[in-house]
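Listing of start_8.cif; format and content: mmCIF, C-alpha atoms and all ligand atoms.
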data_protein
#
loop_
_atom_site.label_atom_id
_atom_site.label_comp_id
_atom_site.auth_asym_id
_atom_site.auth_seq_id
_atom_site.Cartn_x
_atom_site.Cartn_y
_atom_site.Cartn_z
CA MET A 1 24.31 8.11 24.63
CA PHE A 2 21.22 9.23 22.80
CA HIS A 3 18.58 11.89 23.17
CA THR A 4 15.08 10.79 24.08
CA PRO A 5 12.14 12.64 22.52
CA GLN A 6 11.88 14.59 25.80
CA GLY A 7 15.44 15.83 25.29
CA ALA A 8 16.85 14.04 28.34
CA ILE A 9 20.17 12.27 27.84
CA GLN A 10 20.29 8.57 28.67
CA MET A 11 23.22 6.18 28.80
CA SER A 12 22.85 3.44 26.21
CA ARG A 13 22.93 -0.13 27.41
CA PRO A 14 25.96 -2.38 26.76
CA VAL A 15 24.04 -4.21 24.03
CA GLU A 16 20.94 -2.91 22.30
CA PHE A 17 18.77 -4.18 19.50
CA HIS A 18 16.37 -1.72 17.93
CA ASP A 19 13.70 -3.09 15.64
CA LEU A 20 16.16 -5.56 14.13
CA SER A 21 14.96 -7.58 11.15
CA LYS A 22 16.87 -9.99 8.94
CA HIS A 23 15.47 -11.78 5.91
CA PHE A 24 17.27 -14.47 3.95
CA GLY A 25 15.45 -14.39 0.63
CA GLY A 26 11.88 -15.23 1.59
CA VAL A 27 12.78 -16.41 5.10
CA ALA A 28 12.19 -13.90 7.90
CA ALA A 29 14.86 -15.13 10.38
CA VAL A 30 14.41 -12.16 12.76
CA GLU A 31 11.51 -9.71 12.80
CA HIS A 32 11.31 -6.34 14.57
CA LEU A 33 13.37 -7.48 17.53
CA SER A 34 14.06 -4.91 20.27
CA PHE A 35 15.77 -5.59 23.59
CA GLY A 36 18.80 -4.62 25.62
CA ILE A 37 21.04 -6.32 28.15
CA GLU A 38 22.53 -4.93 31.36
CA ALA A 39 26.06 -4.76 32.77
CA GLY A 40 26.70 -7.05 35.74
CA ARG A 41 23.96 -9.48 34.71
CA VAL A 42 23.71 -12.70 32.76
CA THR A 43 20.95 -12.67 30.16
CA GLY A 44 19.68 -15.94 28.71
CA PHE A 45 18.70 -15.61 25.03
CA LEU A 46 16.30 -18.51 24.69
CA GLY A 47 14.31 -20.07 21.91
CA PRO A 48 13.94 -23.32 19.98
CA ASN A 49 16.20 -24.27 17.08
CA GLY A 50 15.57 -21.94 14.15
CA ALA A 51 14.17 -19.18 16.39
CA GLY A 52 16.71 -16.63 15.13
CA LYS A 53 19.23 -16.54 17.98
CA SER A 54 22.38 -17.03 15.91
CA THR A 55 21.16 -14.60 13.25
CA THR A 56 20.61 -11.95 15.94
CA ILE A 57 24.08 -12.52 17.41
CA ARG A 58 25.75 -12.51 13.99
CA ALA A 59 24.06 -9.20 13.17
CA LEU A 60 25.34 -7.77 16.47
CA LEU A 61 28.90 -8.84 15.66
CA GLY A 62 28.76 -7.32 12.18
CA LEU A 63 28.97 -10.75 10.49
CA ILE A 64 25.72 -10.22 8.62
CA ARG A 65 24.00 -7.02 7.62
CA PRO A 66 20.53 -6.44 9.10
CA SER A 67 17.67 -5.98 6.62
CA SER A 68 16.53 -3.13 8.88
CA GLY A 69 16.97 -1.89 12.42
CA SER A 70 20.18 -1.88 14.44
CA ALA A 71 22.31 -3.90 16.82
CA THR A 72 24.84 -1.90 18.83
CA PHE A 73 27.19 -1.81 21.82
CA GLY A 74 26.43 1.27 23.91
CA GLY A 75 24.93 2.73 20.75
CA VAL A 76 27.99 1.91 18.59
CA PRO A 77 27.97 -0.76 15.85
CA TYR A 78 30.66 -3.45 16.16
CA GLU A 79 32.58 -2.21 13.09
CA GLU A 80 32.99 1.20 14.69
CA LEU A 81 34.29 0.00 18.07
CA ASP A 82 37.73 1.06 19.11
CA ARG A 83 39.73 -2.11 20.04
CA PRO A 84 36.70 -4.37 19.69
CA SER A 85 38.34 -7.39 21.38
CA ALA A 86 38.76 -5.37 24.58
CA ARG A 87 35.06 -4.48 24.48
CA VAL A 88 33.42 -7.65 23.20
CA GLY A 89 34.28 -11.33 23.55
CA ALA A 90 32.25 -13.80 21.53
CA VAL A 91 31.93 -17.55 21.22
CA LEU A 92 30.11 -18.51 18.04
CA GLU A 93 28.47 -21.83 17.23
CA ASP A 94 31.01 -22.85 14.63
CA ALA A 95 34.26 -22.02 16.43
CA SER A 96 37.15 -23.53 14.50
CA PHE A 97 40.87 -23.65 15.19
CA HIS A 98 44.01 -24.52 13.28
CA PRO A 99 44.16 -28.25 14.11
CA GLY A 100 47.92 -28.54 14.43
CA ARG A 101 48.31 -25.59 16.77
CA SER A 102 48.26 -25.90 20.55
CA ALA A 103 45.75 -23.97 22.63
CA ARG A 104 48.57 -21.89 24.06
CA ASN A 105 49.88 -20.92 20.62
CA HIS A 106 46.41 -20.16 19.34
CA LEU A 107 45.83 -17.78 22.25
CA ARG A 108 49.31 -16.25 21.96
CA ILE A 109 48.64 -15.33 18.34
CA LEU A 110 45.27 -13.82 19.20
CA ALA A 111 46.81 -11.84 22.08
CA LEU A 112 49.55 -10.56 19.80
CA ILE A 113 47.17 -9.49 17.03
CA ALA A 114 44.84 -7.69 19.45
CA ASP A 115 47.65 -6.23 21.56
CA HIS A 116 46.65 -7.91 24.82
CA PRO A 117 49.41 -8.61 27.38
CA ALA A 118 51.01 -12.05 26.87
CA SER A 119 50.34 -12.77 30.55
CA ARG A 120 46.62 -12.99 29.72
CA VAL A 121 47.25 -16.29 27.89
CA ASP A 122 48.09 -18.18 31.08
CA GLU A 123 45.28 -16.43 32.96
CA VAL A 124 42.58 -17.44 30.50
CA LEU A 125 43.94 -21.00 30.14
CA GLU A 126 43.64 -21.28 33.90
CA ALA A 127 40.16 -19.71 33.89
CA VAL A 128 38.84 -22.35 31.47
CA GLY A 129 40.71 -25.29 33.01
CA LEU A 130 42.97 -25.98 30.02
CA THR A 131 46.34 -25.33 31.65
CA ASP A 132 47.36 -28.99 31.64
CA ALA A 133 46.31 -29.55 28.01
CA ALA A 134 47.59 -26.19 26.75
CA ASP A 135 50.57 -27.51 24.79
CA ARG A 136 48.78 -30.32 22.97
CA PRO A 137 47.56 -29.82 19.38
CA VAL A 138 43.92 -28.79 19.26
CA LYS A 139 43.09 -31.62 16.83
CA GLY A 140 43.20 -34.06 19.78
CA TYR A 141 40.74 -31.99 21.83
CA SER A 142 37.21 -33.11 22.66
CA LEU A 143 34.27 -30.92 21.67
CA GLY A 144 34.08 -29.69 25.27
CA MET A 145 37.77 -28.74 25.30
CA ARG A 146 37.36 -26.82 22.03
CA GLN A 147 34.42 -25.01 23.58
CA ARG A 148 36.62 -24.08 26.56
CA LEU A 149 39.32 -22.81 24.19
CA ALA A 150 36.79 -20.66 22.35
CA ILE A 151 35.71 -19.20 25.69
CA ALA A 152 39.36 -18.57 26.65
CA ALA A 153 39.84 -16.64 23.41
CA ALA A 154 36.74 -14.55 24.13
CA LEU A 155 38.06 -13.67 27.60
CA LEU A 156 41.52 -12.52 26.45
CA GLY A 157 40.66 -8.83 26.33
CA GLU A 158 38.68 -8.83 29.62
CA PRO A 159 35.69 -7.62 27.59
CA ASP A 160 32.79 -5.54 28.93
CA VAL A 161 30.42 -7.70 26.92
CA LEU A 162 30.62 -11.48 26.64
CA ILE A 163 28.44 -13.24 24.07
CA LEU A 164 28.11 -17.01 23.85
CA ASP A 165 26.01 -18.74 21.20
CA GLU A 166 24.88 -22.17 22.47
CA PRO A 167 28.06 -22.68 24.51
CA THR A 168 26.67 -25.73 26.32
CA ASN A 169 26.83 -27.78 23.10
CA GLY A 170 29.57 -30.35 23.69
CA LEU A 171 29.78 -29.74 27.44
CA ASP A 172 28.95 -32.57 29.86
CA PRO A 173 27.03 -31.81 33.10
CA PRO A 174 30.21 -30.95 35.07
CA GLY A 175 31.22 -28.70 32.16
CA ILE A 176 27.85 -26.95 32.25
CA SER A 177 28.15 -26.35 35.97
CA TRP A 178 31.69 -25.03 35.46
CA LEU A 179 30.38 -22.68 32.76
CA ARG A 180 27.71 -21.42 35.16
CA GLY A 181 30.42 -20.42 37.67
CA LEU A 182 32.41 -18.69 34.94
CA LEU A 183 29.40 -16.67 33.71
CA ARG A 184 28.51 -15.67 37.28
CA ALA A 185 32.12 -14.53 37.85
CA GLN A 186 32.11 -12.49 34.63
CA ALA A 187 28.88 -10.75 35.64
CA ALA A 188 30.28 -10.18 39.13
CA ARG A 189 33.24 -8.27 37.67
CA GLY A 190 30.72 -6.08 35.81
CA ALA A 191 30.49 -7.68 32.37
CA ALA A 192 27.21 -7.87 30.48
CA VAL A 193 26.82 -11.53 29.52
CA LEU A 194 24.51 -12.85 26.79
CA ILE A 195 24.18 -16.63 26.50
CA SER A 196 21.93 -18.26 23.93
CA SER A 197 20.43 -21.71 24.29
CA HIS A 198 17.60 -23.87 22.99
CA VAL A 199 17.75 -25.94 26.19
CA LEU A 200 16.28 -23.94 29.04
CA ALA A 201 17.40 -26.41 31.71
CA GLU A 202 21.05 -25.90 30.79
CA VAL A 203 21.00 -22.18 31.47
CA ALA A 204 18.14 -21.63 33.92
CA LEU A 205 20.43 -21.71 36.94
CA SER A 206 22.96 -19.34 35.34
CA VAL A 207 20.83 -16.41 34.25
CA ASP A 208 19.36 -13.31 35.88
CA ASP A 209 17.32 -12.10 32.92
CA VAL A 210 15.78 -13.89 29.97
CA VAL A 211 14.78 -12.91 26.46
CA VAL A 212 12.60 -15.52 24.75
CA ILE A 213 12.22 -15.62 20.97
CA ALA A 214 10.45 -17.98 18.59
CA ASP A 215 9.94 -17.69 14.82
CA GLY A 216 12.19 -14.64 14.82
CA LYS A 217 9.92 -12.67 17.15
CA LEU A 218 10.26 -11.56 20.74
CA ARG A 219 7.95 -13.60 22.98
CA ALA A 220 8.92 -12.32 26.43
CA GLN A 221 11.66 -10.49 28.30
CA GLY A 222 12.34 -9.71 31.94
CA THR A 223 13.88 -11.38 34.95
CA LEU A 224 13.81 -15.18 35.02
CA GLU A 225 11.32 -14.86 37.86
CA GLN A 226 8.99 -12.57 35.91
CA VAL A 227 9.05 -14.46 32.64
CA LEU A 228 9.22 -18.10 33.65
CA GLY A 229 8.31 -18.00 37.31
CA GLY A 230 11.85 -18.64 38.55
CA GLU A 231 13.26 -22.01 39.55
CA ASP A 232 11.02 -22.35 42.63
CA GLY A 233 9.16 -19.07 42.23
CA PRO A 234 5.45 -18.76 42.89
CA ALA A 235 2.80 -19.28 40.24
CA THR A 236 -0.95 -18.98 40.45
CA GLU A 237 -4.03 -20.15 38.59
CA VAL A 238 -6.90 -17.72 38.62
CA ARG A 239 -10.39 -17.47 37.12
CA ALA A 240 -11.83 -13.99 36.95
CA GLN A 241 -15.02 -12.33 35.76
CA ASP A 242 -13.12 -10.03 33.40
CA PRO A 243 -10.08 -12.10 32.36
CA GLU A 244 -8.86 -9.64 29.69
CA ARG A 245 -8.71 -6.79 32.18
CA LEU A 246 -6.89 -8.93 34.73
CA ILE A 247 -4.42 -10.15 32.06
CA SER A 248 -3.45 -6.61 31.15
CA ALA A 249 -3.14 -5.58 34.81
CA LEU A 250 -0.87 -8.56 35.53
CA ARG A 251 1.20 -8.07 32.38
CA SER A 252 1.67 -4.38 33.12
CA ARG A 253 3.28 -5.48 36.40
CA GLY A 254 5.72 -7.72 34.51
CA HIS A 255 4.04 -11.10 35.02
CA ASN A 256 3.91 -13.66 32.25
CA VAL A 257 0.28 -14.73 31.90
CA GLN A 258 -0.98 -17.67 29.83
CA ARG A 259 -4.67 -18.18 29.18
CA ALA A 260 -6.27 -21.59 28.67
CA GLY A 261 -10.04 -21.16 28.34
CA ASP A 262 -11.24 -19.58 31.57
CA VAL A 263 -8.09 -20.20 33.52
CA LEU A 264 -5.15 -17.79 33.68
CA SER A 265 -1.71 -19.06 34.70
CA VAL A 266 0.36 -16.31 36.28
CA MET A 267 4.12 -16.71 36.73
CA GLY A 268 6.08 -15.08 39.54
CA ALA A 269 3.07 -14.18 41.70
CA SER A 270 1.51 -15.88 44.72
CA PRO A 271 -2.30 -16.24 45.02
CA GLU A 272 -2.20 -13.38 47.58
CA GLN A 273 -0.43 -11.09 45.08
CA VAL A 274 -2.81 -11.98 42.24
CA GLY A 275 -5.82 -11.45 44.56
CA GLU A 276 -4.50 -8.07 45.57
CA ILE A 277 -3.92 -6.96 41.97
CA ALA A 278 -7.43 -8.15 41.00
CA GLY A 279 -8.86 -6.26 43.98
CA ARG A 280 -7.09 -3.06 43.02
CA GLU A 281 -8.43 -3.39 39.44
CA GLY A 282 -11.93 -4.11 40.71
CA VAL A 283 -12.01 -7.48 38.89
CA ALA A 284 -14.05 -10.17 40.66
CA VAL A 285 -12.07 -13.35 41.31
CA LEU A 286 -13.99 -16.61 40.83
CA GLY A 287 -11.21 -19.00 41.77
CA LEU A 288 -7.61 -18.71 42.95
CA ALA A 289 -4.99 -21.38 43.66
CA ALA A 290 -1.24 -21.85 43.85
CA LYS A 291 -0.12 -23.56 40.65
CA GLU A 292 2.25 -26.47 40.33
CA ARG A 293 4.37 -26.01 37.25
CA SER A 294 7.89 -26.21 35.96
CA LEU A 295 10.09 -23.64 34.28
CA GLU A 296 10.13 -25.89 31.23
CA GLU A 297 6.33 -25.79 30.94
CA ALA A 298 6.35 -22.01 31.08
CA PHE A 299 9.08 -21.92 28.42
CA LEU A 300 7.24 -24.31 26.09
CA ALA A 301 4.03 -22.33 26.49
CA LEU A 302 5.88 -19.16 25.51
CA THR A 303 7.68 -20.58 22.50
CA GLY A 304 4.59 -22.33 21.24
CA ALA A 305 6.43 -25.67 21.03
CA THR A 306 4.77 -28.89 22.09
CA SER A 307 6.48 -31.41 24.32
N1 LIG B 1 22.50 -17.90 5.87
C1 LIG B 1 21.21 -18.27 5.89
N2 LIG B 1 20.52 -18.41 4.75
C2 LIG B 1 19.22 -18.76 4.76
N3 LIG B 1 18.50 -18.97 5.87
C3 LIG B 1 19.13 -18.84 7.05
C4 LIG B 1 20.51 -18.48 7.13
N4 LIG B 1 20.86 -18.41 8.45
C5 LIG B 1 19.75 -18.72 9.15
N5 LIG B 1 18.71 -18.97 8.31
C6 LIG B 1 17.33 -19.31 8.72
O1 LIG B 1 16.91 -18.34 9.67
C7 LIG B 1 16.17 -18.93 10.71
C8 LIG B 1 16.85 -18.65 12.05
O2 LIG B 1 18.06 -19.36 12.13
P1 LIG B 1 19.08 -19.18 13.32
O3 LIG B 1 19.31 -17.75 13.55
O4 LIG B 1 20.26 -20.03 13.02
O5 LIG B 1 18.24 -19.80 14.55
P2 LIG B 1 18.75 -20.35 15.96
O6 LIG B 1 20.16 -19.91 16.15
O7 LIG B 1 17.81 -19.78 16.95
O8 LIG B 1 18.64 -21.85 15.88
C9 LIG B 1 16.08 -20.42 10.37
O9 LIG B 1 14.86 -20.60 9.68
C10 LIG B 1 17.25 -20.63 9.46
O10 LIG B 1 17.02 -21.73 8.60
MG MG B 2 21.84 -21.02 16.58
#

Could the structure of this file be written out as C-alpha cells, please?
Amino acid sequence: MFHTPQGAIQMSRPVEFHDLSKHFGGVAAVEHLSFGIEAGRVTGFLGPNGAGKSTTIRALLGLIRPSSGSATFGGVPYEELDRPSARVGAVLEDASFHPGRSARNHLRILALIADHPASRVDEVLEAVGLTDAADRPVKGYSLGMRQRLAIAAALLGEPDVLILDEPTNGLDPPGISWLRGLLRAQAARGAAVLISSHVLAEVALSVDDVVVIADGKLRAQGTLEQVLGGEDGPATEVRAQDPERLISALRSRGHNVQRAGDVLSVMGASPEQVGEIAGREGVAVLGLAAKERSLEEAFLALTGATS
C-alpha cells in the first residue's frame, strides 16, 4: 500500500514499475518505464528484439540493479518478499537444468528447497504435460519439453504472479495453444500473468492487456482492444478539420491513434463512435470509414518497425 498525494490509501498492484531505467554503459536498455499489471489478467509485454523486455523482467526479479526507478510486487522489491517462490513464479529466457537429472528429480529438489508440498511435483508435471517423460534425464528433452519443465518449476508454489520471458520460443503451434490454455487457467485462478514476446501473433489470443515497448520506452498500454484494435475489433479511418484536437480526444478515451498525413487510423472504435467523439469535441469530420487492418499492422506501427 502507499499514500497518494491526496492522502488516500491505495492497494498496490501485483507488479509495478515506476520510472524504471537501466543503462549498460552507454546503452539505455530501459528508459523511464512505468506500468502495472492486474490480478486475474494476462498481460502481454510486447516489443521487438532488443526492446528491453528481458532487462525489465530481470530488474523485477532482482537479477540486475536498476539505474533508477523501481520494480516491485505489491510495492515490495523481490529481495524483500517473504517466501518469494510462493509469490512469484518466473520462466527466464535462458532456463537451464542439470542435464543428467530427470524432470521429476529437478522439481523435487526445488520443492524441497522452497518448502512446497511434495505432492505439487506430480500436479505441475501433469499441468505441463510431462508426466510420461518425468523420469527421463532432461538432456534428452526437446527445447519445447525444457520450456514446459521451466513452466512447471514456476508453478510449484502456486504463485500470485507468473512471469514468462518469451516462453513460446521452442514451442510448436500445438505447444503455443497449450500454453494459451495454461495462462488463461492461471489468470482464472486469480494470478497476475506477464508474458513477453517479440511475436505478437503468438500471444495475441492469450492476452487481456498489452504493454508495448520499443527502444526501451513505453509505446502504448491498455487492453488488447484499445491498443491494437483487438483480433476482430473495429478500426476507423478519419479525416478531420482539426486533426490534433481529435487525436487528443480519441487518445484520452484510450484509443490508439496513428496519423499518416491527413488520415487518422483509430483502433478499437467504429466510425459511429469516432463520429460521436468528434461531434462532442466540435471537430468537423471531412471523411469517415471503417478501416481494414490487422493486429500486426497496428503493432508494427507502434513499435516503429518496418515489415
Ligand atoms: N548485460 C548487458 N550488457 C550490455 N547490454 C545489454 C545487456 N543486456 C541487454 N543489453 C542491451 O539492452 C537492450 C535491451 O535488451 P533486452 O532487454 O535483452 O531486450 P529484449 O528482451 O526486448 O529483446 C539491447 O540493446 C541489449 O543489447
Ligand atoms: Mg529478451

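Between Gly144 in chain A and the residues A:Leu171, A:Asp160, A:Leu33, A:Thr131, the shortest atom-to-atom distance, using all atoms listed in the file, involves A:Leu171.
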
Residues within 7 Å of ligand LIG 1 (chain B), counting all atoms listed in the file, as a list in words
Phe24, Val27, Ala28, Ala29, Val30, Gly47, Pro48, Asn49, Gly50, Ala51, Gly52, Lys53, Ser54, Thr55, Thr56 and Gly216 of chain A

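In this structure, CA of Gln186 in chain A sits 23.4 Å away from CA of Ile113 in chain A.
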
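The two atoms in question, CA of Ser265 in chain A and CA of Phe35 in chain A, are spaced 24.7 Å apart.
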
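Interatomic distance, CA of Leu107 in chain A to CA of Arg189 in chain A: 22.1 Å.
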
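Omitting Asn169 in chain A and its sequence neighbours fewer than 5 positions away, and counting only C-alpha atoms, the residues within 12 Å are Val91, Leu92, Glu93, Asp94, Ala95, Ser142, Leu143, Gly144, Met145, Arg146, Gln147, Arg148, Leu164, Gly175, Ile176, Leu179, Ile195, Ser196, Ser197, His198, Val199, Glu202 and Val203 of chain A.
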
Excluding same-chain residues fewer than 3 positions from range 217-219 of chain A, what lies within 12 Å of it counting only C-alpha atoms, as a VMD selection string?
chain A and resid 17 to 22 28 to 35 45 to 48 50 to 53 56 210 to 214 222 227 to 228 256 to 258 298 to 304

Might you pull out every residue within 9 Å of Ser270 in chain A, with only C-alpha atoms counted and same-chain residues fewer than 4 positions away left off, and present them as JSON, numbers by chain?
{"A": [233, 234, 235, 236, 266, 274, 275, 289, 290, 291]}

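For the set A:Val88, A:Ala114, A:Ala103, A:Leu194, the residue with the smallest atom-to-atom gap to Asp132 in chain A is A:Ala103, counting only C-alpha atoms.
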
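In terms of minimum interatomic distance to ligand MG 2 (chain B), A:Asp165 ranks closest within A:Leu182, A:Asp165, A:Arg87, A:Glu297, counting only C-alpha atoms and all ligand atoms.
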
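Shortest atom-to-atom contact with Arg251 in chain A among A:Gly157, A:Arg280, A:His98, A:Ala220: A:Ala220, counting all atoms listed in the file.
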
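Compared by their closest atoms to Pro159 in chain A, and using only C-alpha atoms, the residues A:Val283, A:Val207, A:Ile57, A:Ala39 rank with A:Ala39 nearest.
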
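Taking all atoms listed in the file, the non-local environment of Gly282 in chain A within 12 Å (same-chain residues fewer than 2 positions away omitted) comprises Ala240, Gln241, Asp242, Pro243, Arg245, Leu246, Ala249, Gly275, Glu276, Ile277, Ala278, Gly279, Arg280, Ala284 and Val285 of chain A.
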
For ligand MG 2 (chain B), the nearest of the candidates A:Glu237, A:Glu166, A:Glu123, A:Glu244, counting all atoms listed in the file
A:Glu166

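The residue set within 12 Å of Asp115 in chain A, counting all atoms listed in the file and dropping same-chain residues fewer than 4 places from it, reads Arg83, Pro84, Ser85, Ala86, Leu107, Arg108, Ile109, Leu110, Ala111, Ser119, Arg120, Val121, Leu156 and Gly157 of chain A.
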
Mind dumping the selected residues with C-alpha atoms as a PDB file, in the frame of the given file?
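Listed below is the output, again.pdb:
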ATOM      1  CA  ARG A  83      39.730  -2.110  20.040  1.00  0.00           C
ATOM      2  CA  PRO A  84      36.700  -4.370  19.690  1.00  0.00           C
ATOM      3  CA  SER A  85      38.340  -7.390  21.380  1.00  0.00           C
ATOM      4  CA  ALA A  86      38.760  -5.370  24.580  1.00  0.00           C
ATOM      5  CA  LEU A 107      45.830 -17.780  22.250  1.00  0.00           C
ATOM      6  CA  ARG A 108      49.310 -16.250  21.960  1.00  0.00           C
ATOM      7  CA  ILE A 109      48.640 -15.330  18.340  1.00  0.00           C
ATOM      8  CA  LEU A 110      45.270 -13.820  19.200  1.00  0.00           C
ATOM      9  CA  ALA A 111      46.810 -11.840  22.080  1.00  0.00           C
ATOM     10  CA  SER A 119      50.340 -12.770  30.550  1.00  0.00           C
ATOM     11  CA  ARG A 120      46.620 -12.990  29.720  1.00  0.00           C
ATOM     12  CA  VAL A 121      47.250 -16.290  27.890  1.00  0.00           C
ATOM     13  CA  LEU A 156      41.520 -12.520  26.450  1.00  0.00           C
ATOM     14  CA  GLY A 157      40.660  -8.830  26.330  1.00  0.00           C
TER      15      GLY A 157
END

To test the calculation: enclose all listed atoms of range 117-126 of chain A in a box whose edges run along x, y and z, add 6 Å on each side, then state centre and edge lengths in Å to one decimal, as JSON.
{"center_x": 46.8, "center_y": -14.9, "center_z": 30.4, "size_x": 20.4, "size_y": 24.7, "size_z": 19.0}
